[in-house]
$ cat query.txt   # compact mmCIF, C-alpha atoms
# COMPACT_ATOMS: atom_id res chain seq x y z
CA CYS A 2 98.88 107.23 103.94
CA ARG A 3 99.33 105.51 107.32
CA LEU A 4 100.00 101.95 108.48
CA LEU A 5 99.09 100.49 111.88
CA ALA A 6 101.22 97.58 113.07
CA GLY A 7 101.22 95.40 116.20
CA GLY A 8 103.21 92.48 117.56
CA LEU A 9 104.20 90.35 120.51
CA ASP A 10 105.32 93.36 122.57
CA SER A 11 101.63 94.41 122.94
CA PHE A 12 102.17 97.82 121.31
CA ILE A 13 100.37 99.29 118.29
CA ARG A 14 102.53 101.59 116.19
CA GLU A 15 101.71 104.04 113.42
CA PHE A 16 103.88 104.54 110.32
CA ASP A 17 103.82 107.29 107.73
CA LEU A 18 104.20 105.38 104.43
CA GLU A 19 104.88 108.47 102.35
CA ARG A 20 107.95 109.34 104.43
CA GLY A 21 108.75 105.75 105.42
CA VAL A 22 109.07 106.55 109.13
CA GLU A 23 107.32 105.71 112.38
CA VAL A 24 105.15 108.53 113.70
CA THR A 25 106.85 110.01 116.76
CA GLU A 26 105.36 108.90 120.07
CA SER A 27 102.71 106.81 118.29
CA ALA A 28 103.20 103.58 120.29
CA GLN A 29 99.98 102.64 122.10
CA ASP A 30 99.52 99.71 124.50
CA SER A 31 96.83 97.29 123.31
CA TYR A 32 95.70 96.69 126.92
CA GLY A 33 95.44 92.99 126.07
CA GLY A 34 98.94 91.63 125.50
CA ALA A 35 100.30 90.51 122.13
CA VAL A 36 98.51 91.81 119.03
CA TRP A 37 97.70 89.06 116.51
CA CYS A 38 95.62 90.95 113.98
CA ILE A 39 94.52 94.53 113.16
CA ARG A 40 91.64 95.46 110.86
CA THR A 41 90.20 98.90 110.08
CA TRP A 42 86.82 100.10 108.87
CA GLN A 43 86.11 103.63 107.67
CA SER A 44 82.61 105.02 108.08
CA ASN A 45 80.95 106.52 105.01
CA VAL A 46 79.64 109.54 106.94
CA PRO A 47 81.75 111.04 109.74
CA ASP A 48 80.26 111.88 113.13
CA LYS A 49 81.49 115.48 112.82
CA ILE A 50 82.79 117.36 109.81
CA HIS A 51 86.16 119.10 110.27
CA PHE A 52 86.95 121.30 107.27
CA ALA A 53 89.59 124.00 107.31
CA GLY A 54 88.84 127.13 105.32
CA LEU A 55 85.19 127.80 106.19
CA ALA A 56 84.36 131.51 106.15
CA ASP A 57 83.29 131.56 109.78
CA GLY A 58 86.04 129.25 110.96
CA GLN A 59 83.48 126.94 112.57
CA ASP A 60 82.67 123.24 112.11
CA LYS A 61 79.55 122.28 110.19
CA ASP A 62 77.26 119.53 111.47
CA GLU A 63 77.09 116.60 109.08
CA GLY A 64 73.45 117.41 108.25
CA GLN A 65 74.55 120.80 106.88
CA ALA A 66 77.64 119.64 105.02
CA SER A 67 77.79 119.86 101.24
CA PRO A 68 79.06 116.94 99.10
CA LYS A 69 82.25 118.92 98.44
CA MET A 70 82.87 119.28 102.15
CA LEU A 71 82.20 115.58 102.73
CA ASN A 72 84.92 114.68 100.21
CA LYS A 73 87.43 116.71 102.21
CA ALA A 74 86.17 115.65 105.63
CA GLN A 75 88.13 113.92 108.30
CA GLN A 76 86.28 110.61 108.33
CA GLN A 77 86.11 108.35 111.37
CA VAL A 78 88.23 105.20 111.16
CA HIS A 79 87.39 102.32 113.51
CA VAL A 80 90.09 99.79 114.42
CA ALA A 81 89.57 96.22 115.69
CA ILE A 82 92.51 94.53 117.40
CA ALA A 83 92.77 90.79 118.17
CA CYS A 84 94.56 90.34 121.50
CA GLU A 85 96.41 87.64 123.39
CA ASP A 86 94.03 87.78 126.37
CA GLY A 87 91.01 86.59 124.34
CA CYS A 88 89.43 90.00 123.70
CA VAL A 89 88.82 92.01 120.56
CA ARG A 90 89.41 95.65 121.44
CA LEU A 91 87.88 98.46 119.43
CA TRP A 92 89.57 101.81 118.91
CA LYS A 93 88.90 105.00 116.96
CA TYR A 94 91.63 106.53 114.85
CA SER A 95 92.04 110.02 113.48
CA GLY A 96 95.03 111.52 111.72
CA SER A 97 96.38 114.96 112.57
CA ARG A 98 94.45 117.78 110.87
CA ARG A 99 94.03 121.54 110.56
CA HIS A 100 91.14 122.77 112.68
CA GLY A 101 89.20 126.02 112.77
CA LYS A 102 89.86 129.44 111.32
CA GLY A 103 93.44 129.65 112.52
CA GLY A 104 94.33 126.28 111.02
CA VAL A 105 95.68 124.94 114.31
CA ARG A 106 97.00 121.41 113.86
CA VAL A 107 95.20 118.89 116.12
CA LYS A 108 97.14 115.75 116.98
CA GLY A 109 95.46 112.50 115.95
CA GLY A 110 96.05 108.87 116.89
CA LEU A 111 94.25 105.95 118.52
CA THR A 112 91.54 106.43 121.13
CA TYR A 113 90.26 103.42 123.05
CA TRP A 114 86.53 102.79 122.51
CA ARG A 115 85.36 99.45 123.94
CA SER A 116 86.12 95.72 124.31
CA LEU A 117 84.15 92.70 123.19
CA PRO A 118 83.58 89.88 125.72
CA ARG A 119 86.57 87.64 126.40
CA VAL A 120 86.71 84.16 124.86
CA GLU A 121 88.90 81.19 125.77
CA GLY A 122 92.45 81.57 124.48
CA ARG A 123 94.02 84.15 122.19
CA VAL A 124 92.17 85.78 119.31
CA LEU A 125 94.11 85.26 116.07
CA ALA A 126 91.99 86.95 113.40
CA VAL A 127 89.30 89.62 113.17
CA GLU A 128 87.27 91.20 110.35
CA TRP A 129 84.59 93.89 110.03
CA ALA A 130 81.25 92.88 108.46
CA ASP A 131 77.83 94.36 107.56
CA ASP A 132 79.16 97.87 106.96
CA GLY A 133 80.71 98.02 110.41
CA GLN A 134 77.65 96.74 112.28
CA ARG A 135 79.25 93.37 113.06
CA ILE A 136 82.69 91.98 113.83
CA VAL A 137 83.79 88.40 113.21
CA SER A 138 86.69 86.86 115.15
CA THR A 139 88.44 83.49 115.36
CA GLY A 140 91.19 82.00 117.49
CA VAL A 141 92.60 79.04 119.37
CA ASP A 142 89.19 78.04 120.78
CA GLY A 143 88.24 76.68 117.34
CA CYS A 144 85.17 78.90 117.03
CA ILE A 145 83.91 81.68 114.79
CA HIS A 146 82.36 84.47 116.88
CA CYS A 147 80.06 87.07 115.31
CA TRP A 148 79.57 90.20 117.44
CA SER A 149 77.34 93.25 117.32
CA THR A 150 79.49 96.39 117.48
CA SER A 151 76.67 98.46 119.01
CA SER A 152 75.68 96.10 121.85
CA THR A 153 78.97 94.09 122.02
CA GLN A 154 76.80 90.98 122.34
CA GLU A 155 77.56 87.73 120.51
CA VAL A 156 75.17 87.29 117.56
CA PHE A 157 76.13 83.69 116.86
CA ARG A 158 78.96 81.23 117.38
CA ILE A 159 80.15 78.48 115.03
CA THR A 160 82.29 75.57 116.19
CA VAL A 161 84.66 74.88 113.30
CA GLY A 162 84.67 71.22 112.29
CA GLY A 163 82.94 68.88 109.94
CA GLY A 164 85.36 69.59 107.13
CA PRO A 165 87.76 67.04 105.64
CA ARG A 166 89.89 66.08 108.63
CA GLY A 167 93.56 65.41 109.17
CA GLY A 168 96.56 67.45 110.25
CA SER A 169 96.39 68.51 113.89
CA GLY A 170 93.94 65.85 115.08
CA GLN A 171 92.29 68.31 117.46
CA ALA A 172 88.54 68.03 118.05
CA THR A 173 88.17 71.74 117.26
CA PRO A 174 91.20 72.94 115.27
CA CYS A 175 92.71 76.35 115.88
CA VAL A 176 91.39 78.89 113.33
CA TRP A 177 94.34 80.91 112.08
CA SER A 178 92.86 82.98 109.27
CA LEU A 179 89.62 84.71 108.40
CA GLY A 180 88.04 86.59 105.49
CA ILE A 181 84.70 88.19 104.58
CA THR A 182 83.50 88.16 100.96
CA GLY A 183 81.51 90.91 99.27
CA ASP A 184 78.39 88.75 99.64
CA GLY A 185 78.93 88.50 103.39
CA ASP A 186 80.17 84.90 103.41
CA ILE A 187 82.77 84.02 106.05
CA VAL A 188 85.93 82.15 105.00
CA THR A 189 88.18 80.42 107.54
CA GLY A 190 91.53 78.62 107.43
CA ASP A 191 92.38 76.24 110.27
CA ALA A 192 95.15 74.08 111.73
CA ASP A 193 93.86 70.97 109.93
CA GLY A 194 94.48 72.54 106.52
CA ASN A 195 90.78 73.17 105.87
CA THR A 196 89.43 76.19 104.03
CA GLN A 197 85.74 76.52 104.83
CA PHE A 198 82.98 78.83 103.64
CA TRP A 199 80.08 79.86 105.92
CA ASP A 200 76.86 81.82 105.53
CA GLY A 201 77.54 85.13 107.27
CA ARG A 202 73.89 85.69 108.20
CA ASN A 203 72.93 82.43 109.91
CA GLY A 204 76.27 80.70 110.45
CA THR A 205 75.61 77.55 108.41
CA GLN A 206 78.43 75.81 106.57
CA LEU A 207 78.42 76.21 102.78
CA HIS A 208 81.57 74.38 101.63
CA ALA A 209 84.60 72.68 103.16
CA TYR A 210 87.83 71.99 101.28
CA ARG A 211 91.12 70.47 102.35
CA HIS A 212 93.87 71.28 99.87
CA HIS A 213 96.61 72.02 102.40
CA ALA A 214 98.72 69.51 104.30
CA SER A 215 98.83 71.70 107.42
CA SER A 216 97.70 75.02 108.88
CA VAL A 217 96.11 77.64 106.59
CA LEU A 218 97.76 80.81 107.87
CA SER A 219 96.54 83.45 105.45
CA LEU A 220 93.47 84.24 103.33
CA ALA A 221 92.98 86.95 100.71
CA VAL A 222 89.54 87.85 99.36
CA CYS A 223 89.32 89.44 95.90
CA ASP A 224 85.87 90.92 95.26
CA SER A 225 86.23 91.13 91.50
CA PRO A 226 83.16 90.45 89.33
CA SER A 227 84.06 86.74 89.32
CA GLY A 228 85.08 86.69 92.99
CA LYS A 229 88.15 84.81 94.19
CA VAL A 230 89.63 83.65 97.50
CA PHE A 231 93.31 82.74 97.88
CA ALA A 232 94.56 80.55 100.75
CA SER A 233 98.14 79.81 101.79
CA GLY A 234 99.87 78.11 104.68
CA ILE A 235 102.79 76.11 106.02
CA ASP A 236 102.95 73.77 103.01
CA SER A 237 103.90 76.69 100.67
CA LYS A 238 100.86 76.20 98.40
CA VAL A 239 98.68 79.09 97.26
CA VAL A 240 95.20 77.69 96.60
CA CYS A 241 92.53 79.52 94.58
CA PHE A 242 88.75 79.29 94.99
CA GLU A 243 86.29 81.01 92.67
CA ARG A 244 82.68 82.14 92.88
CA VAL A 245 80.51 80.51 90.20
CA GLU A 246 76.79 80.49 89.42
CA ASP A 247 74.60 77.92 91.14
CA LYS A 248 70.91 77.22 90.55
CA GLU A 249 70.09 76.44 94.19
CA ARG A 250 71.74 79.36 96.02
CA GLY A 251 72.57 81.67 93.16
CA TYR A 252 76.31 81.07 93.51
CA LYS A 253 78.84 78.75 95.15
CA TRP A 254 82.57 78.63 95.85
CA VAL A 255 84.63 76.02 93.98
CA PHE A 256 88.28 74.93 94.01
CA VAL A 257 90.14 76.16 90.92
CA GLY A 258 93.74 75.10 91.44
CA TYR A 259 96.98 75.87 93.26
CA LYS A 260 100.54 77.07 92.72
CA ARG A 261 103.80 76.69 94.62
CA PRO A 262 105.50 80.07 94.06
CA HIS A 263 108.04 79.53 96.82
CA SER A 264 109.66 76.69 98.77

$ encode --input "query.txt" --output "C-alpha cells"
Amino acid sequence: CRLLAGGLDSFIREFDLERGVEVTESAQDSYGGAVWCIRTWQSNVPDKIHFAGLADGQDKDEGQASPKMLNKAQQQVHVAIACEDGCVRLWKYSGSRRHGKGGVRVKGGLTYWRSLPRVEGRVLAVEWADDGQRIVSTGVDGCIHCWSTSSTQEVFRITVGGGPRGGSGQATPCVWSLGITGDGDIVTGDADGNTQFWDGRNGTQLHAYRHHASSVLSLAVCDSPSGKVFASGIDSKVVCFERVEDKERGYKWVFVGYKRPHS
C-alpha cells in the first residue's frame, strides 16, 4: 500500500505504508511549484497486462487476458496534481513489479503525462469524475473548472457565488475544497463559509448552505446507500448533509446537523 504526498517544496513523495518509510529516491518535482492537492484514479482495465509466471514468459495483450490474470494485473493509476502555478498536472503511476520469465523487478514511480490549461491563481483542489473521463478543479479564482482528460479542453466553468453571503466579502470567494458524489454532483466549500451542490453534467446550482462562520477547508463524501457529505473548516464545526428523496429531481441534499468535536 502506497501514499503519495506533496507540499510547499514542490516535490511529490511516495511512502510505503506497510513499512512506514519513504520510498528511496521517490521525490519528484511537480513542475508547477507548491502542491495543494493530489487525487488518484485507477482504471478498471489496464493498458497492458504484466503477469509474472506465464509459461512463455511473455506479456498477454488485454484482449487475451483471463479474469484471473486481470485480478493479478498491474493496473494503471492516474494522478492529478493541483499546482501553485494555476495548472493541474496529470501523471501516471506504477509500482515496482516482477516482469517476464526471469522475474526481473522493474522500478515503478511517477511518469509525467500532460498538463491542463493554466487558470488565474493557484489550484487548491482537484477531483476525478465520470470514470476518469473528466477532471474538476477549483482554486483562488473562485471558479469550478470541468476538464476533459482526453482533449484537455474545458467542458464548462462555474463562477461560485449566489449562495448565502458573508465572511470574506469577495465578489468570487476562493474555493478551498471540492468533492464529487456517486451521482456525479459537485460539492464545493469556499472562503465565505458556503457549502454548495452543483449538477456535474450541466453546471447548474442545486443547493447552497452557509453553516460555517468562515472558510470551508475540507469536504468528505460518503457514498453509502443514504449518501452523506461532511464539511469542516476554520470554525471547528463538522457539518453533515444527507441525500434524501425528492419528487422533482429524484433526490436532494439537505442539512442534517453539526458537531464540534474539537476546539

$ residues_near_point --input "query.txt" --point "(87.6, 107.9, 116.5)" --cutoff "8 Å" --atoms "only C-alpha atoms" --output "PDB file with C-alpha atoms, in the frame of the given file"
ATOM      1  CA  GLN A  77      86.110 108.350 111.370  1.00  0.00           C
ATOM      2  CA  VAL A  78      88.230 105.200 111.160  1.00  0.00           C
ATOM      3  CA  HIS A  79      87.390 102.320 113.510  1.00  0.00           C
ATOM      4  CA  TRP A  92      89.570 101.810 118.910  1.00  0.00           C
ATOM      5  CA  LYS A  93      88.900 105.000 116.960  1.00  0.00           C
ATOM      6  CA  TYR A  94      91.630 106.530 114.850  1.00  0.00           C
ATOM      7  CA  SER A  95      92.040 110.020 113.480  1.00  0.00           C
ATOM      8  CA  LEU A 111      94.250 105.950 118.520  1.00  0.00           C
ATOM      9  CA  THR A 112      91.540 106.430 121.130  1.00  0.00           C
ATOM     10  CA  TRP A 114      86.530 102.790 122.510  1.00  0.00           C
TER      11      TRP A 114
END

$ closest_residue --input "query.txt" --among "A:Glu128, A:Ser116, A:Gly234, A:Val156" --to "Asp186 (chain A)" --atoms "all atoms listed in the file"
A:Glu128

$ residues_around --input "query.txt" --residues "region 23-28 of chain A" --least-positions-apart "6" --cutoff "6 Å" --atoms "all atoms listed in the file" --output "ChimeraX atom specification"
/A:12-16

$ write_last_selection --input "query.txt" --atoms "C-alpha atoms" --output "PDB file, in the coordinates of the input"
ATOM      1  CA  PHE A  12     102.170  97.820 121.310  1.00  0.00           C
ATOM      2  CA  ILE A  13     100.370  99.290 118.290  1.00  0.00           C
ATOM      3  CA  ARG A  14     102.530 101.590 116.190  1.00  0.00           C
ATOM      4  CA  GLU A  15     101.710 104.040 113.420  1.00  0.00           C
ATOM      5  CA  PHE A  16     103.880 104.540 110.320  1.00  0.00           C
TER       6      PHE A  16
END

$ atom_distance --input "query.txt" --atom1 "CA of Gly194 (chain A)" --atom2 "CA of Arg40 (chain A)"
23.5 Å

$ atom_distance --input "query.txt" --atom1 "CA of Thr205 (chain A)" --atom2 "CA of Lys253 (chain A)"
13.7 Å

$ residues_around --input "query.txt" --residues "region 89-91 of chain A" --least-positions-apart "4" --cutoff "6 Å" --atoms "only C-alpha atoms" --output "PyMOL selection string"
chain A and resi 80-83+114-117

$ atom_distance --input "query.txt" --atom1 "CA of Gly122 (chain A)" --atom2 "CA of Gly87 (chain A)"
5.2 Å

$ closest_residue --input "query.txt" --among "A:Thr182, A:Gln154, A:Ser233, A:Ser227" --to "Thr196 (chain A)" --atoms "only C-alpha atoms"
A:Ser233

$ residues_around --input "query.txt" --residues "Ile136 (chain A)" --least-positions-apart "3" --cutoff "8 Å" --atoms "only C-alpha atoms" --output "JSON, numbers by chain"
{"A": [127, 128, 129, 130, 133, 147, 148, 149, 150]}

$ closest_residue --input "query.txt" --among "A:Val188, A:Cys84, A:Val245, A:Val137" --to "Tyr210 (chain A)" --atoms "only C-alpha atoms"
A:Val188

$ closest_residue --input "query.txt" --among "A:Asp86, A:Asp30, A:Glu19, A:Glu243" --to "Gly228 (chain A)" --atoms "all atoms listed in the file"
A:Glu243

$ residues_around --input "query.txt" --residues "region 213-226 of chain A" --least-positions-apart "5" --cutoff "6 Å" --atoms "all atoms listed in the file" --output "number ranges by chain"
A: 168, 177-178, 183, 190-194, 231-235

$ axis_aligned_box --input "query.txt" --around "region 179-197 of chain A" --padding-each-side "5 Å" --output "AutoDock Vina command-line options"
--center_x 86.8 --center_y 80.9 --center_z 105.5 --size_x 26.8 --size_y 29.9 --size_z 22.5

$ residues_near_point --input "query.txt" --point "(85.6, 80.1, 119.9)" --cutoff "8 Å" --atoms "only C-alpha atoms" --output "PyMOL selection string"
chain A and resi 120-121+139-146+158-160
